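Shown here: entry20.cif, mmCIF, C-alpha atoms (C1' of nucleotides).
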data_final
#
loop_
_atom_site.label_atom_id
_atom_site.label_comp_id
_atom_site.auth_asym_id
_atom_site.auth_seq_id
_atom_site.Cartn_x
_atom_site.Cartn_y
_atom_site.Cartn_z
CA MET A 1 0.00 0.00 0.00
CA THR A 2 3.03 2.29 0.13
CA LYS A 3 2.97 4.79 -2.70
CA SER A 4 6.28 5.83 -4.16
CA THR A 5 4.75 8.19 -6.72
CA ARG A 6 3.96 11.68 -5.55
CA THR A 7 0.42 12.87 -4.88
CA PRO A 8 -0.94 15.87 -6.82
CA SER A 9 -1.06 19.01 -4.69
CA THR A 10 -4.78 19.47 -4.98
CA GLN A 11 -5.50 16.05 -3.53
CA ILE A 12 -3.25 16.27 -0.50
CA GLY A 13 -5.36 18.61 1.61
CA PRO A 14 -8.65 16.73 1.30
CA GLY A 15 -6.89 13.39 1.57
CA VAL A 16 -5.19 14.33 4.81
CA LEU A 17 -8.44 15.59 6.34
CA ARG A 18 -10.29 12.47 5.30
CA ALA A 19 -7.60 10.20 6.70
CA ALA A 20 -7.39 12.17 9.94
CA LEU A 21 -11.14 11.90 10.41
CA GLU A 22 -11.20 8.19 9.63
CA ILE A 23 -8.52 7.57 12.24
CA LEU A 24 -10.30 9.70 14.80
CA ASP A 25 -13.59 7.93 14.18
CA ALA A 26 -12.01 4.51 14.43
CA GLU A 27 -9.37 4.89 17.12
CA GLY A 28 -10.08 8.12 18.96
CA PRO A 29 -7.44 10.69 19.91
CA ASP A 30 -4.82 8.04 20.71
CA GLY A 31 -4.36 7.08 17.07
CA PHE A 32 -4.31 10.68 15.89
CA THR A 33 -0.61 11.06 15.02
CA VAL A 34 1.21 12.77 12.19
CA ARG A 35 2.76 9.58 10.90
CA ALA A 36 -0.45 7.56 11.10
CA ILE A 37 -2.46 10.21 9.28
CA ALA A 38 0.17 10.56 6.57
CA GLU A 39 0.38 6.82 6.05
CA ARG A 40 -3.39 6.48 5.82
CA ALA A 41 -3.60 9.36 3.36
CA GLY A 42 -0.77 7.87 1.31
CA VAL A 43 1.35 11.00 1.59
CA ALA A 44 4.60 11.97 3.28
CA PRO A 45 4.46 13.19 6.89
CA MET A 46 5.90 16.48 5.70
CA ALA A 47 2.74 17.09 3.68
CA ILE A 48 0.96 17.85 6.95
CA TYR A 49 3.38 20.71 7.53
CA ASN A 50 3.42 21.94 3.96
CA HIS A 51 -0.37 21.97 3.52
CA PHE A 52 -1.45 22.67 7.09
CA GLU A 53 0.32 24.26 9.98
CA GLY A 54 1.15 20.92 11.51
CA LEU A 55 -1.32 18.88 13.49
CA ASN A 56 -2.93 22.03 14.85
CA GLY A 57 -3.75 23.10 11.34
CA VAL A 58 -5.48 19.81 10.68
CA LEU A 59 -7.40 20.14 13.94
CA GLU A 60 -8.39 23.69 13.11
CA ALA A 61 -9.72 22.61 9.72
CA LEU A 62 -11.68 19.73 11.23
CA PHE A 63 -12.99 21.89 14.07
CA THR A 64 -14.37 24.32 11.52
CA GLN A 65 -15.69 21.55 9.33
CA GLY A 66 -17.41 20.06 12.36
CA PHE A 67 -19.35 23.20 13.20
CA GLU A 68 -20.23 23.77 9.56
CA THR A 69 -21.58 20.24 9.32
CA LEU A 70 -23.45 20.68 12.59
CA HIS A 71 -24.86 23.95 11.30
CA GLU A 72 -26.23 22.17 8.24
CA ALA A 73 -27.56 19.30 10.33
CA VAL A 74 -29.64 21.56 12.55
CA THR A 75 -30.94 23.66 9.68
CA VAL A 76 -34.47 22.39 9.17
CA HIS A 77 -37.25 24.71 8.21
CA SER A 78 -40.88 23.77 7.90
CA ASN A 79 -44.02 25.76 8.70
CA ASP A 80 -44.20 24.18 12.15
CA PRO A 81 -41.61 25.72 14.52
CA ILE A 82 -42.37 23.23 17.27
CA ALA A 83 -41.86 20.28 14.97
CA ASP A 84 -38.65 21.92 13.78
CA PHE A 85 -37.49 22.20 17.38
CA MET A 86 -37.94 18.49 17.98
CA GLN A 87 -36.43 17.65 14.62
CA THR A 88 -33.41 19.82 15.33
CA GLY A 89 -32.87 18.13 18.67
CA LEU A 90 -32.92 14.72 17.05
CA ALA A 91 -30.63 15.92 14.28
CA TYR A 92 -28.13 17.16 16.84
CA ARG A 93 -27.84 13.73 18.40
CA SER A 94 -27.62 12.04 15.03
CA PHE A 95 -24.80 14.34 14.02
CA ALA A 96 -22.84 13.48 17.15
CA ARG A 97 -23.35 9.75 16.80
CA GLU A 98 -22.52 9.70 13.11
CA ASN A 99 -19.47 11.96 13.46
CA PRO A 100 -17.77 10.95 16.69
CA GLY A 101 -14.42 12.14 15.39
CA LEU A 102 -15.63 15.65 14.66
CA TYR A 103 -17.56 15.72 17.91
CA THR A 104 -14.42 14.70 19.78
CA ILE A 105 -12.48 17.62 18.35
CA MET A 106 -15.31 20.04 18.97
CA PHE A 107 -16.18 19.06 22.53
CA LEU A 108 -14.69 15.89 23.98
CA HIS A 109 -10.94 16.27 24.00
CA ARG A 110 -8.29 18.89 24.46
CA PHE A 111 -5.60 18.16 21.90
CA ARG A 112 -2.06 19.08 22.81
CA ASN A 113 -1.32 22.74 22.18
CA PHE A 114 -4.51 23.19 20.22
CA GLU A 115 -6.80 26.13 20.77
CA PRO A 116 -9.37 26.95 18.09
CA SER A 117 -8.75 30.31 16.44
CA ILE A 118 -11.08 33.28 16.63
CA GLU A 119 -12.28 32.49 13.11
CA ALA A 120 -13.09 28.91 14.07
CA LEU A 121 -14.98 30.04 17.15
CA HIS A 122 -16.89 32.38 14.90
CA VAL A 123 -18.06 29.42 12.84
CA ALA A 124 -19.20 27.80 16.08
CA ALA A 125 -21.06 30.96 17.01
CA ARG A 126 -22.89 30.93 13.70
CA ALA A 127 -24.05 27.37 14.35
CA HIS A 128 -25.37 28.60 17.70
CA GLN A 129 -27.15 31.41 15.90
CA ALA A 130 -29.06 28.84 13.88
CA LEU A 131 -30.44 27.51 17.16
CA VAL A 132 -31.27 31.01 18.31
CA ALA A 133 -33.23 31.54 15.11
CA HIS A 134 -35.21 28.39 15.79
CA VAL A 135 -36.02 29.61 19.28
CA GLU A 136 -37.11 32.99 17.98
CA ARG A 137 -39.52 31.40 15.54
CA CYS A 138 -40.94 29.36 18.40
CA GLN A 139 -41.27 32.45 20.54
CA LYS A 140 -43.40 34.12 17.87
CA ILE A 141 -46.04 31.48 18.47
CA GLY A 142 -45.80 31.72 22.23
CA LEU A 143 -43.32 29.01 23.13
CA PHE A 144 -40.18 29.66 25.18
CA ALA A 145 -41.55 32.88 26.58
CA GLY A 146 -40.05 34.77 29.47
CA ALA A 147 -36.41 34.55 28.52
CA GLY A 148 -34.08 35.79 25.81
CA ALA A 149 -33.80 33.61 22.73
CA ASN A 150 -30.04 33.47 23.13
CA ASP A 151 -30.26 32.08 26.64
CA VAL A 152 -33.01 29.64 25.76
CA ALA A 153 -30.89 28.37 22.89
CA GLN A 154 -27.95 27.96 25.24
CA VAL A 155 -30.07 25.90 27.63
CA ILE A 156 -31.33 23.65 24.85
CA TRP A 157 -27.90 23.22 23.36
CA SER A 158 -26.46 22.43 26.77
CA ALA A 159 -28.98 19.70 27.38
CA CYS A 160 -28.49 18.11 23.99
CA HIS A 161 -24.73 18.32 24.21
CA GLY A 162 -24.72 16.94 27.74
CA TYR A 163 -26.81 13.98 26.80
CA VAL A 164 -24.86 12.94 23.72
CA SER A 165 -21.48 13.59 25.29
CA LEU A 166 -22.26 11.40 28.29
CA GLU A 167 -23.48 8.83 25.81
CA LEU A 168 -20.34 9.00 23.70
CA ILE A 169 -17.93 8.74 26.62
CA GLY A 170 -19.85 5.82 28.07
CA ILE A 171 -21.36 7.36 31.19
CA ASN A 172 -25.07 7.06 30.53
CA PHE A 173 -27.25 5.10 32.92
CA SER A 174 -30.47 5.22 30.97
CA THR A 175 -31.42 1.92 29.38
CA LYS A 176 -33.91 3.36 26.90
CA ARG A 177 -31.62 5.96 25.36
CA ASP A 178 -33.75 7.06 22.45
CA GLU A 179 -36.81 7.44 24.64
CA THR A 180 -34.93 9.30 27.35
CA TYR A 181 -33.53 11.73 24.81
CA ALA A 182 -37.02 12.35 23.45
CA LEU A 183 -38.22 12.80 27.02
CA MET A 184 -35.57 15.48 27.47
CA LEU A 185 -36.64 17.35 24.35
CA GLU A 186 -40.27 17.26 25.43
CA THR A 187 -39.34 18.46 28.89
CA LEU A 188 -37.49 21.42 27.40
CA ARG A 189 -40.41 22.17 25.11
CA ASN A 190 -42.79 22.20 28.04
CA GLY A 191 -40.62 23.69 30.73
CA PHE A 192 -40.26 27.31 29.64
CA ARG A 193 -43.09 29.52 30.75
CA MET B 1 13.33 23.43 45.42
CA THR B 2 14.89 20.08 44.49
CA LYS B 3 14.84 17.65 47.38
CA SER B 4 17.70 15.23 47.68
CA THR B 5 16.36 13.56 50.82
CA ARG B 6 13.89 10.77 50.34
CA THR B 7 10.17 11.19 51.02
CA PRO B 8 8.46 8.89 53.56
CA SER B 9 6.38 6.22 51.86
CA THR B 10 3.12 7.29 53.46
CA GLN B 11 3.40 10.79 52.06
CA ILE B 12 4.18 9.87 48.47
CA GLY B 13 0.73 8.75 47.37
CA PRO B 14 -1.20 11.78 48.63
CA GLY B 15 1.57 14.13 47.54
CA VAL B 16 1.53 12.80 43.99
CA LEU B 17 -2.25 13.09 43.73
CA ARG B 18 -2.22 16.62 45.09
CA ALA B 19 0.53 17.67 42.72
CA ALA B 20 -1.19 16.03 39.75
CA LEU B 21 -4.41 17.85 40.53
CA GLU B 22 -2.70 21.19 40.99
CA ILE B 23 -1.04 20.84 37.61
CA LEU B 24 -4.28 19.81 35.96
CA ASP B 25 -6.14 22.73 37.51
CA ALA B 26 -3.48 25.20 36.48
CA GLU B 27 -2.30 23.97 33.09
CA GLY B 28 -4.83 21.45 31.85
CA PRO B 29 -3.96 18.12 30.28
CA ASP B 30 -0.93 19.50 28.45
CA GLY B 31 1.08 19.92 31.64
CA PHE B 32 0.04 16.56 33.00
CA THR B 33 3.32 14.64 32.59
CA VAL B 34 5.11 12.14 34.78
CA ARG B 35 8.16 14.32 35.22
CA ALA B 36 6.19 17.48 35.96
CA ILE B 37 4.01 15.76 38.55
CA ALA B 38 7.01 14.17 40.24
CA GLU B 39 8.89 17.44 40.37
CA ARG B 40 5.91 19.30 41.82
CA ALA B 41 5.39 16.58 44.42
CA GLY B 42 9.08 16.63 45.29
CA VAL B 43 9.53 12.93 44.55
CA ALA B 44 11.31 10.85 41.95
CA PRO B 45 9.48 10.05 38.71
CA MET B 46 9.77 6.40 39.61
CA ALA B 47 7.49 6.98 42.59
CA ILE B 48 4.58 7.25 40.19
CA TYR B 49 5.28 3.71 39.03
CA ASN B 50 6.01 2.32 42.49
CA HIS B 51 2.94 3.81 44.18
CA PHE B 52 0.52 3.86 41.24
CA GLU B 53 0.41 1.89 38.06
CA GLY B 54 1.98 4.70 36.09
CA LEU B 55 0.05 7.71 34.89
CA ASN B 56 -3.05 5.58 34.38
CA GLY B 57 -3.03 4.70 38.05
CA VAL B 58 -2.93 8.36 38.98
CA LEU B 59 -5.78 9.07 36.58
CA GLU B 60 -7.78 6.17 37.97
CA ALA B 61 -7.34 7.46 41.52
CA LEU B 62 -8.34 10.99 40.54
CA PHE B 63 -11.28 9.76 38.46
CA THR B 64 -12.59 7.93 41.51
CA GLN B 65 -11.85 10.84 43.81
CA GLY B 66 -13.72 13.10 41.42
CA PHE B 67 -16.93 11.10 41.51
CA GLU B 68 -16.69 10.68 45.27
CA THR B 69 -16.32 14.43 45.68
CA LEU B 70 -19.17 15.04 43.27
CA HIS B 71 -21.27 12.54 45.20
CA GLU B 72 -20.70 14.49 48.39
CA ALA B 73 -21.35 17.80 46.67
CA VAL B 74 -24.79 16.75 45.43
CA THR B 75 -25.79 15.17 48.72
CA VAL B 76 -28.09 17.73 50.28
CA HIS B 77 -31.10 16.68 52.28
CA SER B 78 -33.69 19.00 53.72
CA ASN B 79 -37.42 18.54 54.15
CA ASP B 80 -38.09 20.30 50.86
CA PRO B 81 -37.31 18.00 47.90
CA ILE B 82 -37.84 20.77 45.37
CA ALA B 83 -35.43 23.09 47.14
CA ASP B 84 -32.99 20.19 47.31
CA PHE B 85 -33.31 19.72 43.57
CA MET B 86 -32.40 23.33 42.87
CA GLN B 87 -29.64 23.22 45.47
CA THR B 88 -28.19 20.06 43.95
CA GLY B 89 -28.17 21.62 40.51
CA LEU B 90 -26.28 24.64 41.79
CA ALA B 91 -23.89 22.41 43.73
CA TYR B 92 -23.13 20.44 40.57
CA ARG B 93 -22.01 23.55 38.75
CA SER B 94 -20.00 24.76 41.72
CA PHE B 95 -18.21 21.45 41.90
CA ALA B 96 -17.25 21.65 38.24
CA ARG B 97 -16.03 25.23 38.46
CA GLU B 98 -14.07 24.67 41.64
CA ASN B 99 -12.52 21.41 40.46
CA PRO B 100 -11.76 21.86 36.78
CA GLY B 101 -8.95 19.31 36.98
CA LEU B 102 -11.17 16.57 38.33
CA TYR B 103 -13.92 17.51 35.93
CA THR B 104 -11.47 17.31 33.05
CA ILE B 105 -10.53 13.74 33.96
CA MET B 106 -14.14 12.74 34.50
CA PHE B 107 -15.65 14.25 31.37
CA LEU B 108 -13.59 16.62 29.26
CA HIS B 109 -10.56 14.76 28.03
CA ARG B 110 -9.52 11.32 26.89
CA PHE B 111 -6.10 10.71 28.34
CA ARG B 112 -3.77 8.48 26.36
CA ASN B 113 -4.43 4.81 27.00
CA PHE B 114 -6.67 5.58 29.96
CA GLU B 115 -9.99 3.87 30.41
CA PRO B 116 -11.63 3.99 33.86
CA SER B 117 -11.91 0.57 35.45
CA ILE B 118 -15.16 -1.17 36.27
CA GLU B 119 -14.69 -0.23 39.91
CA ALA B 120 -14.22 3.43 39.02
CA LEU B 121 -17.32 3.39 36.84
CA HIS B 122 -19.14 1.87 39.78
CA VAL B 123 -18.25 4.90 41.88
CA ALA B 124 -19.63 7.08 39.09
CA ALA B 125 -22.81 5.03 39.08
CA ARG B 126 -23.26 5.56 42.81
CA ALA B 127 -23.01 9.32 42.31
CA HIS B 128 -25.74 8.98 39.70
CA GLN B 129 -27.81 7.01 42.20
CA ALA B 130 -27.69 10.00 44.54
CA LEU B 131 -29.41 12.01 41.82
CA VAL B 132 -31.95 9.25 41.27
CA ALA B 133 -32.76 9.32 44.98
CA HIS B 134 -33.39 13.06 44.75
CA VAL B 135 -35.73 12.53 41.84
CA GLU B 136 -37.62 9.79 43.69
CA ARG B 137 -38.18 12.07 46.66
CA CYS B 138 -39.52 14.71 44.31
CA GLN B 139 -41.77 12.19 42.62
CA LYS B 140 -43.36 11.36 45.96
CA ILE B 141 -44.74 14.87 46.09
CA GLY B 142 -45.90 14.85 42.49
CA LEU B 143 -42.97 16.34 40.60
CA PHE B 144 -41.26 14.61 37.67
CA ALA B 145 -44.23 12.34 37.06
CA GLY B 146 -44.67 10.24 33.98
CA ALA B 147 -41.15 8.87 33.65
CA GLY B 148 -38.77 6.57 35.51
CA ALA B 149 -36.63 8.23 38.14
CA ASN B 150 -33.52 6.85 36.51
CA ASP B 151 -34.30 8.45 33.18
CA VAL B 152 -35.34 11.74 34.76
CA ALA B 153 -32.07 11.83 36.63
CA GLN B 154 -30.18 11.15 33.42
CA VAL B 155 -31.94 14.06 31.74
CA ILE B 156 -31.16 16.43 34.59
CA TRP B 157 -27.57 15.31 34.82
CA SER B 158 -27.17 15.69 31.06
CA ALA B 159 -28.40 19.25 31.12
CA CYS B 160 -26.20 20.25 34.05
CA HIS B 161 -23.17 18.54 32.58
CA GLY B 162 -23.77 20.03 29.18
CA TYR B 163 -24.04 23.53 30.53
CA VAL B 164 -20.93 23.44 32.70
CA SER B 165 -18.85 21.57 30.14
CA LEU B 166 -19.60 24.11 27.42
CA GLU B 167 -18.78 26.77 29.97
CA LEU B 168 -15.46 25.17 30.91
CA ILE B 169 -14.29 24.64 27.35
CA GLY B 170 -15.19 28.20 26.42
CA ILE B 171 -18.16 27.63 24.10
CA ASN B 172 -20.97 29.38 25.93
CA PHE B 173 -22.82 32.21 24.28
CA SER B 174 -24.93 33.28 27.20
CA THR B 175 -23.87 36.55 28.76
CA LYS B 176 -25.75 36.08 32.04
CA ARG B 177 -24.35 32.69 32.91
CA ASP B 178 -25.65 32.33 36.43
CA GLU B 179 -29.14 33.40 35.43
CA THR B 180 -29.20 31.15 32.38
CA TYR B 181 -28.16 28.17 34.48
CA ALA B 182 -30.92 28.94 36.97
CA LEU B 183 -33.31 29.26 34.06
CA MET B 184 -32.31 25.79 32.94
CA LEU B 185 -32.94 24.29 36.36
CA GLU B 186 -36.34 25.94 36.55
CA THR B 187 -37.19 24.71 33.08
CA LEU B 188 -36.33 21.17 34.08
CA ARG B 189 -38.35 21.49 37.27
CA ASN B 190 -41.39 22.68 35.31
CA GLY B 191 -41.05 20.61 32.17
CA PHE B 192 -41.85 17.10 33.32
CA ARG B 193 -45.56 16.37 33.42
"C1'" DC C 1 24.79 -1.36 65.00
"C1'" DC C 2 23.29 -4.20 61.38
"C1'" DT C 3 19.84 -5.59 57.97
"C1'" DC C 4 16.15 -5.01 55.02
"C1'" DC C 5 13.02 -2.21 52.47
"C1'" DT C 6 12.48 1.19 49.13
"C1'" DA C 7 13.03 6.05 47.38
"C1'" DT C 8 16.29 7.96 44.36
"C1'" DA C 9 19.22 9.11 40.24
"C1'" DG C 10 20.18 8.04 35.85
"C1'" DA C 11 20.47 5.61 31.67
"C1'" DA C 12 17.88 3.64 28.10
"C1'" DC C 13 14.03 2.63 24.78
"C1'" DA C 14 10.18 3.49 21.63
"C1'" DA C 15 6.88 6.84 20.06
"C1'" DT C 16 5.63 11.50 19.53
"C1'" DG C 17 5.64 16.52 17.15
"C1'" DT C 18 8.57 19.20 14.55
"C1'" DT C 19 12.36 20.97 11.56
"C1'" DC C 20 15.82 20.57 8.04
"C1'" DT C 21 18.10 18.78 3.84
"C1'" DA C 22 18.73 16.62 -0.50
"C1'" DT C 23 16.50 14.44 -4.18
"C1'" DA C 24 13.31 13.49 -7.59
"C1'" DA C 25 8.86 13.93 -9.64
"C1'" DC C 26 5.64 16.71 -11.69
"C1'" DT C 27 4.09 21.33 -14.18
"C1'" DG C 28 4.26 25.03 -17.19
"C1'" DT C 29 6.56 27.47 -20.69
"C1'" DA C 30 9.86 28.63 -24.38
"C1'" DT D 1 10.42 18.64 -27.09
"C1'" DA D 2 13.48 20.42 -23.64
"C1'" DC D 3 14.38 23.23 -19.90
"C1'" DA D 4 13.42 25.50 -15.40
"C1'" DG D 5 10.80 26.16 -11.40
"C1'" DT D 6 7.81 24.17 -8.05
"C1'" DT D 7 7.03 20.90 -4.54
"C1'" DA D 8 6.17 16.08 -2.79
"C1'" DT D 9 9.16 12.74 -0.91
"C1'" DA D 10 12.53 10.16 1.99
"C1'" DG D 11 15.28 10.37 5.74
"C1'" DA D 12 17.93 12.12 9.39
"C1'" DA D 13 17.77 14.74 13.48
"C1'" DC D 14 16.09 16.90 17.88
"C1'" DA D 15 13.41 17.53 22.15
"C1'" DT D 16 9.75 15.58 24.86
"C1'" DT D 17 6.84 11.96 26.21
"C1'" DG D 18 5.65 7.28 28.90
"C1'" DT D 19 7.93 3.45 30.58
"C1'" DT D 20 11.41 0.04 32.24
"C1'" DC D 21 15.71 -1.27 34.32
"C1'" DT D 22 19.75 -0.95 37.38
"C1'" DA D 23 22.69 0.56 40.90
"C1'" DT D 24 22.95 3.36 44.95
"C1'" DA D 25 21.91 5.09 49.30
"C1'" DG D 26 18.67 6.84 52.80
"C1'" DG D 27 15.74 5.49 56.66
"C1'" DA D 28 13.23 2.27 59.76
"C1'" DG D 29 13.03 -1.77 62.72
"C1'" DG D 30 15.25 -5.47 65.08
#
Would you give me this structure, written as structure tokens?
Amino acid sequence: MTKSTRTPSTQIGPGVLRAALEILDAEGPDGFTVRAIAERAGVAPMAIYNHFEGLNGVLEALFTQGFETLHEAVTVHSNDPIADFMQTGLAYRSFARENPGLYTIMFLHRFRNFEPSIEALHVAARAHQALVAHVERCQKIGLFAGAGANDVAQVIWSACHGYVSLELIGINFSTKRDETYALMLETLRNGFR
Amino acid sequence: MTKSTRTPSTQIGPGVLRAALEILDAEGPDGFTVRAIAERAGVAPMAIYNHFEGLNGVLEALFTQGFETLHEAVTVHSNDPIADFMQTGLAYRSFARENPGLYTIMFLHRFRNFEPSIEALHVAARAHQALVAHVERCQKIGLFAGAGANDVAQVIWSACHGYVSLELIGINFSTKRDETYALMLETLRNGFR
DNA sequence: CCTCCTATAGAACAATGTTCTATAACTGTA
DNA sequence: TACAGTTATAGAACATTGTTCTATAGGAGG
């Protein structure tokens, strides 16, 4: 499987990101090494320094990609804001379960020397804004009254994130996980005055 | 600050754990190295292998200590179950903010090659049981009806964990953090039918 | 005071992120 | 087609990491 021919420039970036994500999905942070990623992508280790700013550059790219993907996942828009709320909650959990590698970078692990840049955090903020917009549409029909949309969105996001993160790291004591998650969404829907 | 005299056996274990926690609180996972811990504790690096099973042994001990401390923190018991519920929620957040190092080991980082043992997970489960007991007391006076106490406790724990974890890792878009957390607790209190 | 236990210093190893160098493979242009 | 510039590659090299091993010496108990 070792390639001796060189890889075209345009394919190195995407290939590295894909390989890094595959490793993270399969092995978690432990397997996430420069040499392993390069081998999986079929490129030289140096490619990670020429095309990204080292491992941190790869992490930055995946962090951003993660919040962009999450943003898309929670972007549903029908004529029923309440149905959209439930749908968005379910989509959030699906995103986390289907993209454990991205979710790990975004929330579940502090990689050595890595801090997301201001730009990356801005992408995260825009994903949050999508939730805020959902809440505002719900508030127009009387739901989630009595609090700012931004704070309501933070509460909802917190609950969803808490549930799926405990699930992903293996500390979840509910036996009926799907039902309990739905119970949480319904509780949030009902709980705001 | 380098000690050339040897440290009494009985003081090595506690000293290593204290030093490890101080480093984790101050520098996060990046500073958590065998040599740094040993230096801070004033012992030889080998002590970490003689008194614990390497770094994983230290992590295991702190993981357990974390859930024991959390268990104590959420153990409040008055004659008012609803007040206890709110108090427990606030205590959970206080624990996380005052013990970021422990919270990191418990929830926010996957340390290399570390998986908590069955016994350690059992300690975590007992902390969860304390929450379940709270919920059961509330259910006796009519709150949190319509769902199993175990699942209700999981929902509440998820929300609290989600909020404080997003807060600790710096992805929290609420400006009034105390108020928003209180809002979340009230929403949970009101939301179950 | 002697003996045993064990904390210590230090070397050593593999694996890690990172940098540097020389070479060779591709790309575009004359 | 042939040449020149770009850049992907291999490989060595370095510091830092977890971990193991060995020899030494400090301290406690008989």
Could I get the residues of stretch 161-190 of chain B with an atom no further than 12 Å from an atom of stretch 174-190 of chain A, each paired with its nearest atom pair and that distance in Å to one decimal, using all atoms listed in the file, sorted by chain and residue number, as CSV?
residue,atom,partner,partner_atom,distance
B:Leu183,CA,A:Leu188,CA,11.1
B:Met184,CA,A:Leu188,CA,8.8
B:Leu185,CA,A:Leu188,CA,10.5
B:Glu186,CA,A:Leu188,CA,10.3
B:Thr187,CA,A:Leu188,CA,6.6
B:Leu188,CA,A:Thr187,CA,6.6
B:Arg189,CA,A:Thr187,CA,9.0
B:Asn190,CA,A:Asn190,CA,7.4
**Message:** My list of candidates is C:DC1, C:DA30, C:DA24, C:DA9. Which is closest to chain A when distances are computed with only C-alpha atoms (C1' of nucleotides)?
**Reply:**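 That would be C:DA24, the residue with the smallest distance to chain A.
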**Asked** So what do you get for atom C1' of D:DG5 versus atom C1' of C:DG28, distance-wise?
**Response**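 We find that atom C1' of D:DG5 and atom C1' of C:DG28 lie 8.8 Å from each other.
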**Request:** Excluding A:Gly28 and any residue of its chain fewer than 6 positions from it, enumerate the residues within 12 Å of it, using only C-alpha atoms (C1' of nucleotides), and give them as number ranges by chain.
**Result:** A: 20-22, 99-105, 108-109, 111, 168-169; B: 109-114
Near stretch 33-43 of chain B, counting all atoms listed in the file, which residues have an atom at most 6 Å away, once you skip same-chain residues fewer than 5 positions from it, shown as a PDB file with C-alpha atoms, in the coordinates of the input?
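Full text of result19.pdb as output:
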ATOM      1  CA  GLY B  15       1.570  14.130  47.540  1.00  0.00           C
ATOM      2  CA  VAL B  16       1.530  12.800  43.990  1.00  0.00           C
ATOM      3  CA  ALA B  19       0.530  17.670  42.720  1.00  0.00           C
ATOM      4  CA  ALA B  20      -1.190  16.030  39.750  1.00  0.00           C
TER       5      ALA B  20
END
